[in-house]
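Data from input-v4.txt: compact mmCIF, C-alpha atoms
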```txt
# COMPACT_ATOMS: atom_id res chain seq x y z
CA MET K 1 57.57 -63.28 40.94
CA VAL K 2 55.14 -61.50 43.28
CA LYS K 3 57.35 -58.43 43.12
CA GLN K 4 57.24 -58.54 39.31
CA ASP K 5 53.43 -58.87 39.37
CA ARG K 6 53.20 -55.80 41.55
CA ALA K 7 55.45 -53.85 39.17
CA ILE K 8 53.21 -54.85 36.26
CA ARG K 9 50.11 -53.75 38.16
CA THR K 10 51.71 -50.41 39.09
CA ARG K 11 52.68 -49.86 35.46
CA GLN K 12 49.07 -50.52 34.37
CA THR K 13 47.73 -48.17 37.06
CA ILE K 14 50.04 -45.40 35.84
CA LEU K 15 49.15 -45.97 32.16
CA THR K 16 45.42 -45.94 32.92
CA ALA K 17 45.81 -42.68 34.85
CA ALA K 18 47.94 -41.16 32.06
CA ALA K 19 45.33 -42.21 29.46
CA LYS K 20 42.62 -40.50 31.51
CA VAL K 21 44.59 -37.25 31.92
CA PHE K 22 45.67 -37.15 28.24
CA GLU K 23 42.01 -37.65 27.25
CA GLU K 24 40.82 -34.84 29.50
CA ARG K 25 43.59 -32.28 28.96
CA GLY K 26 45.15 -33.14 25.65
CA TYR K 27 48.80 -34.12 25.44
CA GLN K 28 50.25 -30.60 25.40
CA ALA K 29 48.37 -29.35 28.48
CA ALA K 30 48.68 -32.56 30.56
CA THR K 31 51.22 -32.48 33.41
CA ILE K 32 53.08 -35.27 35.18
CA SER K 33 51.85 -33.91 38.56
CA GLU K 34 48.25 -34.46 37.48
CA ILE K 35 48.98 -37.99 36.26
CA LEU K 36 50.75 -38.68 39.58
CA LEU K 37 47.71 -37.45 41.53
CA THR K 38 45.28 -39.50 39.40
CA ALA K 39 47.38 -42.68 39.61
CA GLY K 40 47.92 -42.40 43.37
CA VAL K 41 51.42 -43.90 43.15
CA THR K 42 54.70 -42.52 44.47
CA LYS K 43 56.76 -40.13 42.36
CA GLY K 44 59.60 -42.70 42.49
CA ALA K 45 57.38 -45.45 41.06
CA LEU K 46 56.17 -43.23 38.24
CA TYR K 47 59.65 -42.06 37.23
CA PHE K 48 60.97 -45.63 37.50
CA HIS K 49 58.52 -46.78 34.83
CA PHE K 50 58.24 -43.57 32.78
CA PRO K 51 61.01 -40.96 33.06
CA SER K 52 59.11 -38.30 31.04
CA LYS K 53 55.69 -37.23 29.76
CA GLU K 54 56.80 -38.40 26.32
CA ASP K 55 57.52 -41.88 27.72
CA LEU K 56 54.06 -41.92 29.31
CA ALA K 57 52.42 -41.02 26.01
CA GLU K 58 54.45 -43.64 24.17
CA GLY K 59 53.44 -46.21 26.79
CA VAL K 60 49.77 -45.36 26.26
CA ILE K 61 50.15 -45.39 22.46
CA HIS K 62 51.91 -48.77 22.60
CA GLU K 63 49.04 -50.35 24.58
CA GLN K 64 46.86 -50.43 21.45
CA ASP K 65 49.12 -52.62 19.35
CA HIS K 66 50.97 -55.11 21.54
CA ASP K 67 50.04 -58.62 22.57
CA LEU K 68 47.14 -59.01 20.16
CA PRO K 69 46.30 -62.69 20.47
CA ILE K 70 44.33 -63.32 17.27
CA PRO K 71 43.58 -67.03 16.87
CA LEU K 72 45.24 -68.62 13.84
CA ARG K 73 42.94 -69.02 10.84
CA ALA K 74 43.51 -71.28 7.85
CA CYS K 75 42.41 -68.35 5.67
CA LYS K 76 44.91 -65.52 6.22
CA VAL K 77 42.53 -62.87 4.84
CA GLN K 78 40.07 -63.90 7.57
CA GLN K 79 42.86 -63.55 10.15
CA LEU K 80 43.60 -60.05 8.81
CA VAL K 81 39.89 -59.14 8.97
CA ASP K 82 39.68 -60.53 12.53
CA THR K 83 42.67 -58.40 13.56
CA VAL K 84 40.97 -55.28 12.18
CA VAL K 85 37.53 -55.94 13.70
CA LEU K 86 38.96 -56.99 17.09
CA HIS K 87 40.90 -53.71 17.21
CA ALA K 88 37.67 -51.85 16.42
CA TYR K 89 35.93 -53.78 19.21
CA ARG K 90 38.68 -52.94 21.74
CA LEU K 91 38.59 -49.31 20.64
CA ARG K 92 34.91 -49.15 21.60
CA THR K 93 35.32 -50.97 24.90
CA ASP K 94 38.82 -50.28 26.31
CA PRO K 95 39.61 -46.67 27.37
CA LEU K 96 43.37 -47.34 27.32
CA VAL K 97 43.28 -48.55 23.70
CA ARG K 98 41.14 -45.55 22.79
CA ALA K 99 43.54 -43.08 24.42
CA GLY K 100 46.47 -44.66 22.56
CA VAL K 101 44.78 -44.31 19.19
CA ARG K 102 43.82 -40.71 19.91
CA LEU K 103 47.35 -39.76 20.92
CA ALA K 104 48.76 -41.39 17.79
CA LEU K 105 46.32 -39.42 15.64
CA ASP K 106 46.67 -36.11 17.48
CA GLN K 107 48.50 -34.09 14.87
CA GLN K 108 49.17 -31.34 17.38
CA THR K 109 51.49 -33.26 19.70
CA GLN K 110 54.82 -31.65 18.93
CA GLY K 111 57.89 -33.63 19.97
CA LEU K 112 56.03 -36.94 20.09
CA ASP K 113 56.94 -39.49 17.44
CA ARG K 114 53.55 -40.71 16.26
CA SER K 115 54.81 -42.97 13.47
CA GLY K 116 55.28 -45.96 15.85
CA PRO K 117 51.72 -47.36 15.86
CA PHE K 118 51.32 -46.81 12.12
CA LEU K 119 54.56 -48.74 11.52
CA ARG K 120 53.67 -51.54 13.95
CA TRP K 121 50.14 -51.99 12.56
CA SER K 122 51.57 -51.85 9.06
CA ASP K 123 54.01 -54.66 9.96
CA VAL K 124 51.15 -56.78 11.32
CA GLY K 125 49.26 -56.23 8.05
CA ILE K 126 52.27 -56.97 5.84
CA ALA K 127 52.99 -60.27 7.64
CA LEU K 128 49.38 -61.47 7.22
CA LEU K 129 49.12 -60.28 3.61
CA GLU K 130 52.39 -62.03 2.72
CA GLN K 131 51.01 -65.28 4.15
CA ALA K 132 47.74 -64.74 2.27
CA GLN K 133 49.73 -64.11 -0.91
CA ALA K 134 51.79 -67.30 -0.45
CA GLN K 135 48.50 -69.23 -0.17
CA GLY K 136 47.13 -67.68 -3.38
CA GLU K 137 44.42 -65.67 -1.60
CA LEU K 138 45.34 -62.30 -3.15
CA MET K 139 44.98 -60.76 -6.59
CA PRO K 140 48.28 -61.15 -8.51
CA HIS K 141 49.10 -57.40 -8.61
CA ILE K 142 48.91 -56.83 -4.84
CA VAL K 143 51.99 -55.42 -3.06
CA PRO K 144 51.51 -56.34 0.64
CA ALA K 145 53.32 -53.24 1.99
CA GLU K 146 51.13 -50.89 -0.04
CA THR K 147 47.85 -52.62 0.78
CA ALA K 148 48.77 -52.80 4.48
CA ASP K 149 49.43 -49.04 4.52
CA VAL K 150 46.11 -48.29 2.80
CA LEU K 151 44.25 -50.43 5.37
CA VAL K 152 46.06 -48.93 8.38
CA GLY K 153 45.64 -45.34 7.19
CA ALA K 154 42.02 -45.81 6.15
CA PHE K 155 41.13 -47.53 9.43
CA ALA K 156 42.66 -44.67 11.43
CA GLY K 157 40.45 -42.16 9.64
CA VAL K 158 37.28 -44.27 9.73
CA GLN K 159 37.56 -44.66 13.52
CA ALA K 160 38.13 -40.88 13.89
CA MET K 161 35.07 -40.17 11.77
CA SER K 162 33.01 -42.66 13.81
CA GLN K 163 34.14 -41.01 17.03
CA ALA K 164 33.25 -37.53 15.73
CA MET K 165 29.88 -38.61 14.29
CA SER K 166 28.52 -41.09 16.84
CA ASN K 167 31.07 -41.52 19.66
CA TYR K 168 31.93 -44.95 18.18
CA GLN K 169 28.32 -46.23 18.07
CA ASP K 170 28.55 -46.77 14.30
CA LEU K 171 32.14 -48.08 14.25
CA PRO K 172 31.30 -51.75 13.42
CA HIS K 173 29.14 -50.55 10.51
CA ARG K 174 31.82 -48.20 9.19
CA VAL K 175 34.60 -50.80 9.46
CA THR K 176 32.49 -53.36 7.57
CA ALA K 177 31.78 -50.75 4.87
CA LEU K 178 35.52 -50.00 4.56
CA LEU K 179 36.36 -53.70 4.19
CA ARG K 180 33.60 -54.19 1.59
CA HIS K 181 35.09 -51.30 -0.41
CA VAL K 182 38.75 -52.40 -0.20
CA LEU K 183 38.81 -56.22 -0.10
CA PRO K 184 37.31 -56.80 -3.59
CA SER K 185 40.38 -55.03 -5.08
CA VAL K 186 42.74 -57.18 -3.00
CA VAL K 187 41.33 -60.69 -2.50
CA VAL K 188 40.45 -63.29 -5.16
CA PRO K 189 36.65 -63.74 -5.44
CA SER K 190 36.54 -67.39 -4.32
CA VAL K 191 38.32 -66.50 -1.05
CA LEU K 192 36.31 -63.30 -0.59
CA ALA K 193 33.05 -65.28 -0.74
CA ALA K 194 34.14 -67.27 2.33
CA VAL K 195 35.38 -64.38 4.49
CA ASP K 196 33.14 -63.11 7.31
CA ILE K 197 33.18 -59.29 7.46
CA THR K 198 29.74 -58.83 9.03
CA GLU K 199 29.26 -56.23 11.75
CA GLY K 200 29.08 -58.76 14.59
CA ARG K 201 32.49 -60.27 13.79
CA GLY K 202 34.44 -58.11 16.28
CA ALA K 203 32.28 -59.14 19.24
CA PHE K 204 32.50 -62.77 18.07
CA VAL K 205 36.32 -62.76 17.96
CA HIS K 206 36.46 -61.05 21.35
CA ALA K 207 34.15 -63.67 22.92
CA GLU K 208 36.19 -66.44 21.31
CA LEU K 209 39.39 -65.06 22.88
CA ASP K 210 37.69 -64.74 26.27
CA SER K 211 36.59 -68.37 26.15
CA LEU K 212 40.18 -69.44 25.39
CA ARG K 213 41.38 -67.83 28.62
CA THR K 214 40.50 -70.36 31.30
CA PRO K 215 40.13 -68.93 34.84
CA GLN K 216 42.92 -71.30 36.03
CA HIS K 217 45.43 -69.81 33.61
CA PRO K 218 44.73 -66.13 33.12
CA ALA K 219 46.57 -64.47 30.27
CA PRO K 220 49.61 -62.42 31.35
CA VAL K 221 48.76 -58.77 31.86
CA SER K 222 51.94 -57.19 30.52
CA MET G 223 32.93 -2.30 -1.01
CA VAL G 224 36.41 -1.27 0.13
CA LYS G 225 35.21 -1.57 3.72
CA GLN G 226 33.94 -5.07 3.01
CA ASP G 227 37.28 -6.03 1.40
CA ARG G 228 39.07 -4.84 4.51
CA ALA G 229 36.79 -6.90 6.76
CA ILE G 230 37.49 -9.98 4.63
CA ARG G 231 41.24 -9.34 4.86
CA THR G 232 41.04 -8.88 8.65
CA ARG G 233 39.07 -12.10 8.96
CA GLN G 234 41.74 -13.95 6.94
CA THR G 235 44.53 -12.42 9.06
CA ILE G 236 42.81 -13.61 12.23
CA LEU G 237 42.18 -17.11 10.86
CA THR G 238 45.80 -17.45 9.72
CA ALA G 239 47.00 -16.37 13.18
CA ALA G 240 44.56 -18.74 14.90
CA ALA G 241 45.71 -21.61 12.66
CA LYS G 242 49.32 -20.89 13.61
CA VAL G 243 48.61 -20.78 17.36
CA PHE G 244 46.40 -23.92 17.29
CA GLU G 245 49.20 -25.74 15.43
CA GLU G 246 51.82 -24.68 17.95
CA ARG G 247 49.88 -25.04 21.19
CA GLY G 248 47.06 -27.46 20.45
CA TYR G 249 43.46 -26.37 20.77
CA GLN G 250 43.13 -26.91 24.54
CA ALA G 251 46.22 -24.88 25.49
CA ALA G 252 45.76 -22.07 22.92
CA THR G 253 44.50 -18.74 24.27
CA ILE G 254 42.66 -15.88 22.58
CA SER G 255 45.30 -13.43 23.91
CA GLU G 256 48.00 -15.30 22.03
CA ILE G 257 45.95 -15.34 18.81
CA LEU G 258 45.33 -11.62 19.26
CA LEU G 259 49.06 -10.97 19.65
CA THR G 260 49.94 -13.09 16.60
CA ALA G 261 47.24 -11.51 14.40
CA GLY G 262 48.13 -7.94 15.37
CA VAL G 263 44.51 -6.79 15.17
CA THR G 264 42.40 -5.01 17.77
CA LYS G 265 40.49 -6.96 20.39
CA GLY G 266 37.27 -5.45 19.00
CA ALA G 267 37.99 -6.70 15.47
CA LEU G 268 38.74 -10.20 16.71
CA TYR G 269 35.59 -10.45 18.85
CA PHE G 270 33.51 -8.94 16.02
CA HIS G 271 34.48 -11.83 13.71
CA PHE G 272 34.89 -14.61 16.29
CA PRO G 273 33.21 -14.21 19.70
CA SER G 274 34.96 -17.28 21.23
CA LYS G 275 37.89 -19.69 20.89
CA GLU G 276 35.38 -22.27 19.65
CA ASP G 277 34.27 -19.90 16.87
CA LEU G 278 37.90 -19.39 15.88
CA ALA G 279 38.49 -23.15 15.69
CA GLU G 280 35.32 -23.63 13.67
CA GLY G 281 36.41 -20.85 11.33
CA VAL G 282 39.76 -22.56 10.78
CA ILE G 283 38.11 -25.96 10.32
CA HIS G 284 35.66 -24.52 7.80
CA GLU G 285 38.47 -23.06 5.65
CA GLN G 286 39.32 -26.55 4.35
CA ASP G 287 35.96 -27.29 2.78
CA HIS G 288 34.39 -24.10 1.42
CA ASP G 289 34.59 -22.57 -2.00
CA LEU G 290 36.24 -25.50 -3.73
CA PRO G 291 36.09 -24.54 -7.39
CA ILE G 292 36.58 -27.91 -9.10
CA PRO G 293 36.12 -27.56 -12.87
CA LEU G 294 33.16 -29.53 -14.20
CA ARG G 295 34.08 -32.85 -15.82
CA ALA G 296 31.94 -34.90 -18.17
CA CYS G 297 32.99 -37.96 -16.14
CA LYS G 298 31.72 -37.45 -12.57
CA VAL G 299 34.10 -40.06 -11.13
CA GLN G 300 36.96 -37.94 -12.52
CA GLN G 301 35.43 -34.87 -10.86
CA LEU G 302 35.29 -36.78 -7.55
CA VAL G 303 38.92 -37.89 -7.95
CA ASP G 304 39.93 -34.30 -8.80
CA THR G 305 38.18 -33.04 -5.64
CA VAL G 306 40.11 -35.57 -3.54
CA VAL G 307 43.53 -34.95 -5.09
CA LEU G 308 43.11 -31.16 -5.07
CA HIS G 309 42.30 -31.31 -1.35
CA ALA G 310 45.45 -33.40 -0.84
CA TYR G 311 47.43 -30.81 -2.82
CA ARG G 312 46.06 -27.92 -0.74
CA LEU G 313 46.77 -29.87 2.45
CA ARG G 314 50.44 -30.03 1.48
CA THR G 315 50.71 -26.41 0.42
CA ASP G 316 48.24 -24.31 2.47
CA PRO G 317 48.90 -24.00 6.24
CA LEU G 318 45.32 -22.85 6.89
CA VAL G 319 43.81 -25.93 5.21
CA ARG G 320 46.28 -28.12 7.13
CA ALA G 321 45.35 -26.57 10.49
CA GLY G 322 41.65 -27.08 9.76
CA VAL G 323 42.11 -30.78 8.99
CA ARG G 324 44.21 -31.26 12.12
CA LEU G 325 41.66 -29.57 14.35
CA ALA G 326 38.86 -31.68 12.87
CA LEU G 327 40.87 -34.83 13.55
CA ASP G 328 42.11 -33.84 17.01
CA GLN G 329 40.11 -36.25 19.13
CA GLN G 330 41.13 -34.42 22.28
CA THR G 331 39.31 -31.16 21.63
CA GLN G 332 36.49 -31.35 24.15
CA GLY G 333 33.55 -29.06 23.51
CA LEU G 334 34.35 -28.62 19.82
CA ASP G 335 31.93 -30.18 17.36
CA ARG G 336 34.23 -31.93 14.89
CA SER G 337 31.52 -33.60 12.81
CA GLY G 338 31.09 -30.52 10.56
CA PRO G 339 33.89 -31.13 8.04
CA PHE G 340 33.14 -34.85 7.87
CA LEU G 341 29.48 -34.04 7.08
CA ARG G 342 30.33 -31.34 4.53
CA TRP G 343 32.90 -33.49 2.71
CA SER G 344 30.47 -36.37 2.82
CA ASP G 345 27.80 -34.18 1.17
CA VAL G 346 30.26 -33.17 -1.58
CA GLY G 347 30.99 -36.88 -2.18
CA ILE G 348 27.32 -37.90 -2.17
CA ALA G 349 26.38 -35.21 -4.72
CA LEU G 350 29.15 -36.30 -7.13
CA LEU G 351 28.48 -40.02 -6.64
CA GLU G 352 24.75 -39.52 -7.30
CA GLN G 353 25.58 -37.75 -10.56
CA ALA G 354 28.03 -40.53 -11.46
CA GLN G 355 25.35 -43.09 -10.65
CA ALA G 356 22.77 -41.31 -12.85
CA GLN G 357 25.29 -41.49 -15.73
CA GLY G 358 25.83 -45.22 -15.24
CA GLU G 359 29.43 -44.82 -14.04
CA LEU G 360 29.02 -46.84 -10.82
CA MET G 361 28.58 -50.52 -10.01
CA PRO G 362 24.87 -51.27 -9.53
CA HIS G 363 25.12 -52.10 -5.76
CA ILE G 364 26.75 -48.79 -4.76
CA VAL G 365 24.97 -46.62 -2.14
CA PRO G 366 26.42 -43.09 -2.61
CA ALA G 367 26.10 -42.12 1.09
CA GLU G 368 28.02 -45.18 2.23
CA THR G 369 30.77 -44.91 -0.38
CA ALA G 370 31.16 -41.17 0.31
CA ASP G 371 31.63 -41.89 4.04
CA VAL G 372 34.22 -44.58 3.34
CA LEU G 373 36.17 -42.19 1.11
CA VAL G 374 35.99 -39.26 3.55
CA GLY G 375 36.95 -41.38 6.57
CA ALA G 376 39.72 -43.23 4.74
CA PHE G 377 41.16 -40.00 3.32
CA ALA G 378 41.26 -38.43 6.79
CA GLY G 379 43.33 -41.34 8.10
CA VAL G 380 45.61 -41.61 5.08
CA GLN G 381 46.54 -37.92 5.38
CA ALA G 382 47.20 -38.34 9.13
CA MET G 383 49.45 -41.33 8.42
CA SER G 384 51.28 -39.39 5.71
CA GLN G 385 51.83 -36.50 8.10
CA ALA G 386 53.16 -38.82 10.85
CA MET G 387 55.39 -40.83 8.48
CA SER G 388 56.78 -38.21 6.09
CA ASN G 389 55.34 -34.79 6.96
CA TYR G 390 53.13 -35.06 3.85
CA GLN G 391 55.97 -35.85 1.42
CA ASP G 392 54.34 -39.16 0.45
CA LEU G 393 50.74 -37.87 0.44
CA PRO G 394 50.18 -37.97 -3.36
CA HIS G 395 51.47 -41.55 -3.42
CA ARG G 396 49.25 -42.64 -0.51
CA VAL G 397 46.14 -40.96 -1.94
CA THR G 398 46.69 -42.67 -5.30
CA ALA G 399 47.12 -46.01 -3.52
CA LEU G 400 43.87 -45.46 -1.60
CA LEU G 401 41.96 -44.65 -4.81
CA ARG G 402 43.43 -47.71 -6.57
CA HIS G 403 42.19 -49.87 -3.69
CA VAL G 404 38.68 -48.39 -3.43
CA LEU G 405 37.61 -47.34 -6.94
CA PRO G 406 37.60 -50.83 -8.52
CA SER G 407 34.81 -51.79 -6.05
CA VAL G 408 32.82 -48.68 -6.93
CA VAL G 409 33.29 -47.74 -10.60
CA VAL G 410 32.45 -49.81 -13.69
CA PRO G 411 35.64 -51.01 -15.46
CA SER G 412 35.10 -49.09 -18.71
CA VAL G 413 34.87 -45.79 -16.79
CA LEU G 414 37.73 -46.72 -14.44
CA ALA G 415 40.04 -47.26 -17.42
CA ALA G 416 39.58 -43.61 -18.45
CA VAL G 417 40.00 -42.00 -15.02
CA ASP G 418 43.32 -40.31 -14.18
CA ILE G 419 44.39 -41.13 -10.60
CA THR G 420 48.13 -40.73 -11.12
CA GLU G 421 50.23 -38.98 -8.46
CA GLY G 422 50.64 -35.76 -10.45
CA ARG G 423 46.90 -35.19 -10.81
CA GLY G 424 46.58 -32.86 -7.77
CA ALA G 425 49.26 -30.46 -9.05
CA PHE G 426 47.67 -30.59 -12.50
CA VAL G 427 44.20 -29.63 -11.23
CA HIS G 428 45.70 -26.86 -9.09
CA ALA G 429 47.59 -25.41 -12.08
CA GLU G 430 44.43 -25.65 -14.19
CA LEU G 431 42.48 -23.65 -11.58
CA ASP G 432 45.25 -21.04 -11.37
CA SER G 433 45.18 -20.55 -15.14
CA LEU G 434 41.40 -20.01 -15.02
CA ARG G 435 41.88 -17.07 -12.64
CA THR G 436 42.88 -14.22 -14.92
CA PRO G 437 44.82 -11.36 -13.24
CA GLN G 438 42.04 -8.92 -14.27
CA HIS G 439 39.40 -10.88 -12.40
CA PRO G 440 40.91 -12.45 -9.29
CA ALA G 441 38.76 -15.03 -7.52
CA PRO G 442 36.92 -13.70 -4.47
CA VAL G 443 38.81 -14.40 -1.23
CA SER G 444 35.88 -15.16 1.05
```

For the structure just supplied, provide its representation as structure tokens.
Amino acid sequence: MVKQDRAIRTRQTILTAAAKVFEERGYQAATISEILLTAGVTKGALYFHFPSKEDLAEGVIHEQDHDLPIPLRACKVQQLVDTVVLHAYRLRTDPLVRAGVRLALDQQTQGLDRSGPFLRWSDVGIALLEQAQAQGELMPHIVPAETADVLVGAFAGVQAMSQAMSNYQDLPHRVTALLRHVLPSVVVPSVLAAVDITEGRGAFVHAELDSLRTPQHPAPVS
Amino acid sequence: MVKQDRAIRTRQTILTAAAKVFEERGYQAATISEILLTAGVTKGALYFHFPSKEDLAEGVIHEQDHDLPIPLRACKVQQLVDTVVLHAYRLRTDPLVRAGVRLALDQQTQGLDRSGPFLRWSDVGIALLEQAQAQGELMPHIVPAETADVLVGAFAGVQAMSQAMSNYQDLPHRVTALLRHVLPSVVVPSVLAAVDITEGRGAFVHAELDSLRTPQHPAPVS
């Protein structure tokens, strides 16, 4: 158990170092030696967890979309909104999440399959939209797979624009604007009227999740 | 005049070579020597047009958004749609446009101001939306600057997702889906019913522009 904990911590140390080096150098120019030096772990430990630079990048990319513990909501559109705004919040506050999103969007990383995070986020969206549809929350013509792809693609670009324009300062505003432009075509008006898409929602969901993690039972790190 | 034509051609040769090298190496790893070798021009010519790697990247980025000769439309929402779908068409077919979009979206290019194309596209959108608003084509609550930013940001992400998922094969489909999700919140229904946002629209606008360029009077290259 202790051994496993240590392995998880080492893995996180390596991913954080890799995120930092990818951010500074770009994927193409980054080297494993530099990541090794930044992480301060043994070569054996690094290769045990990540046999190649590609595996390191995929590890960093995967950090953005796993283990997202959104609280259940009776309204599935609200749960979808909360998933989007929490991701935006983490993007502003967690360097590892940020590095993962940047790698996934870097269209100059030859040899790296960047479809993974798009597909995984799309699956998250489809599952929530299908539940929303079953509850009668969506307009009758909506195809969950198509709407999920529009949201995932649009979000990716809006965060990139926010990063380029304000280094993420205006991200909550831009995400709210995106949702106000897309949701009226997707959600029935009576549901839409009850959904919170205000700019403070991301911080609210994050605080809610923090309060659910009692100090006695910390959430697993992996 | 001939001298000026030659300078324009040299500039295009250099930009095409720079686009190729940035695509292959990424911005960080690309070197001016390699661009020089690929372009096959003299060092003097290259430095005359572009004194630094940053200038080269900005030149490539700027290629995507200048001199866009969209035919005037009575319906300004249609003109906005035509601008979007023509850009998507050029993105699929013109390597220089593609390289510019990728550089602008590459969040790992330190020292390169990537806000330029977002701002310029945003300005194009604002101008068209303000005209549409003056003609009564938009919903009363629409703020052109906000809607333009949503469209520009969302488009940037949708094209990145299309590139990652299908190497741009599904781009016309994804752009149409985006417009179908956003326009109903923006445009009054009677105008929306008359706007063509079908998947073939980009190719149609491109063919229309080609037919306007008679062989006797080719469009200026610059």

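Atom pair CA of Leu400 (chain G) / CA of Asp418 (chain G) has a distance of 13.6 Å (rounded to one decimal).
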
Can you check which residues of chain G have any atom within 8 Å of chain K? Use only C-alpha atoms and format it as a PDB file with C-alpha atoms, keeping the file's coordinate frame.
```pdb
ATOM      1  CA  PHE G 244      46.400 -23.920  17.290  1.00  0.00           C
ATOM      2  CA  GLU G 245      49.200 -25.740  15.430  1.00  0.00           C
ATOM      3  CA  GLU G 246      51.820 -24.680  17.950  1.00  0.00           C
ATOM      4  CA  ARG G 247      49.880 -25.040  21.190  1.00  0.00           C
ATOM      5  CA  GLY G 248      47.060 -27.460  20.450  1.00  0.00           C
ATOM      6  CA  GLN G 250      43.130 -26.910  24.540  1.00  0.00           C
ATOM      7  CA  ALA G 251      46.220 -24.880  25.490  1.00  0.00           C
ATOM      8  CA  ARG G 324      44.210 -31.260  12.120  1.00  0.00           C
ATOM      9  CA  LEU G 327      40.870 -34.830  13.550  1.00  0.00           C
ATOM     10  CA  ASP G 328      42.110 -33.840  17.010  1.00  0.00           C
ATOM     11  CA  GLN G 329      40.110 -36.250  19.130  1.00  0.00           C
ATOM     12  CA  GLN G 330      41.130 -34.420  22.280  1.00  0.00           C
ATOM     13  CA  THR G 331      39.310 -31.160  21.630  1.00  0.00           C
ATOM     14  CA  GLN G 332      36.490 -31.350  24.150  1.00  0.00           C
ATOM     15  CA  ASP G 335      31.930 -30.180  17.360  1.00  0.00           C
ATOM     16  CA  ARG G 336      34.230 -31.930  14.890  1.00  0.00           C
ATOM     17  CA  SER G 337      31.520 -33.600  12.810  1.00  0.00           C
ATOM     18  CA  PHE G 340      33.140 -34.850   7.870  1.00  0.00           C
ATOM     19  CA  GLU G 368      28.020 -45.180   2.230  1.00  0.00           C
ATOM     20  CA  THR G 369      30.770 -44.910  -0.380  1.00  0.00           C
ATOM     21  CA  VAL G 372      34.220 -44.580   3.340  1.00  0.00           C
ATOM     22  CA  GLY G 375      36.950 -41.380   6.570  1.00  0.00           C
ATOM     23  CA  ALA G 376      39.720 -43.230   4.740  1.00  0.00           C
ATOM     24  CA  PHE G 377      41.160 -40.000   3.320  1.00  0.00           C
ATOM     25  CA  ALA G 378      41.260 -38.430   6.790  1.00  0.00           C
ATOM     26  CA  GLY G 379      43.330 -41.340   8.100  1.00  0.00           C
ATOM     27  CA  VAL G 380      45.610 -41.610   5.080  1.00  0.00           C
ATOM     28  CA  GLN G 381      46.540 -37.920   5.380  1.00  0.00           C
ATOM     29  CA  ALA G 382      47.200 -38.340   9.130  1.00  0.00           C
ATOM     30  CA  MET G 383      49.450 -41.330   8.420  1.00  0.00           C
ATOM     31  CA  GLN G 385      51.830 -36.500   8.100  1.00  0.00           C
ATOM     32  CA  ALA G 386      53.160 -38.820  10.850  1.00  0.00           C
ATOM     33  CA  MET G 387      55.390 -40.830   8.480  1.00  0.00           C
ATOM     34  CA  ARG G 396      49.250 -42.640  -0.510  1.00  0.00           C
ATOM     35  CA  ALA G 399      47.120 -46.010  -3.520  1.00  0.00           C
ATOM     36  CA  LEU G 400      43.870 -45.460  -1.600  1.00  0.00           C
ATOM     37  CA  HIS G 403      42.190 -49.870  -3.690  1.00  0.00           C
ATOM     38  CA  VAL G 404      38.680 -48.390  -3.430  1.00  0.00           C
ATOM     39  CA  PRO G 406      37.600 -50.830  -8.520  1.00  0.00           C
ATOM     40  CA  SER G 407      34.810 -51.790  -6.050  1.00  0.00           C
ATOM     41  CA  VAL G 408      32.820 -48.680  -6.930  1.00  0.00           C
TER      42      VAL G 408
END
```

Could you name the residues that touch Gly358 (chain G) at 12 Å or less, counting all atoms listed in the file, but leaving out those on the same chain fewer than 2 positions away, as a ChimeraX atom specification? /G:297-299,351-356,360-364,408-413

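With only C-alpha atoms as the atoms that count, the minimum distance from Ile70 (chain K) to the choices K:Val143, K:Pro95, K:Asp170, K:Val124 is reached by K:Val124.
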
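Here CA of Ser274 (chain G) stands at a distance of 17.9 Å from CA of Ala229 (chain G).
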
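Our summary of the geometry notes that CA of Thr238 (chain G) is positioned 13.3 Å from CA of His271 (chain G).
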
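Close to (48.8, -35.2, 35.3), meaning no more than 10 Å away when counting all atoms listed in the file, sit the residues Ala17, Ala18, Ala19, Lys20, Val21, Phe22, Glu24, Arg25, Tyr27, Ala29, Ala30, Thr31, Ile32, Ser33, Glu34, Ile35, Leu36, Leu37, Thr38, Ala39 and Lys53 of chain K.
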
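Proximity of K:Pro51, K:Gly59, K:Pro69, K:Gly44 to Leu212 (chain K), computed with only C-alpha atoms, is greatest for K:Pro69.
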
Centre and edge lengths, as lines of an AutoDock Vina configuration file, for the axis-aligned box enclosing every listed atom of region 416-427 of chain G with 3 Å of padding on each of the six sides, in Å to one decimal?
```
center_x = 45.1
center_y = -36.6
center_z = -13.1
size_x = 17.1
size_y = 20.0
size_z = 16.7
```

Limit the output to N, CA and C atoms and give region 279-283 of chain G as a compact mmCIF listing (two decimals), in the first residue's frame.
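To be explicit, this is the file written out as result_39.txt:
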```
# COMPACT_ATOMS: atom_id res chain seq x y z
N ALA G 279 7.06 34.05 -38.77
CA ALA G 279 5.85 33.43 -38.22
C ALA G 279 4.67 34.38 -38.34
N GLU G 280 4.90 35.66 -38.05
CA GLU G 280 3.80 36.62 -38.15
C GLU G 280 3.33 36.79 -39.59
N GLY G 281 4.28 36.71 -40.52
CA GLY G 281 3.92 36.75 -41.94
C GLY G 281 3.04 35.57 -42.32
N VAL G 282 3.40 34.38 -41.86
CA VAL G 282 2.61 33.18 -42.16
C VAL G 282 1.23 33.29 -41.51
N ILE G 283 1.21 33.72 -40.25
CA ILE G 283 -0.07 33.86 -39.53
C ILE G 283 -0.99 34.85 -40.26
```
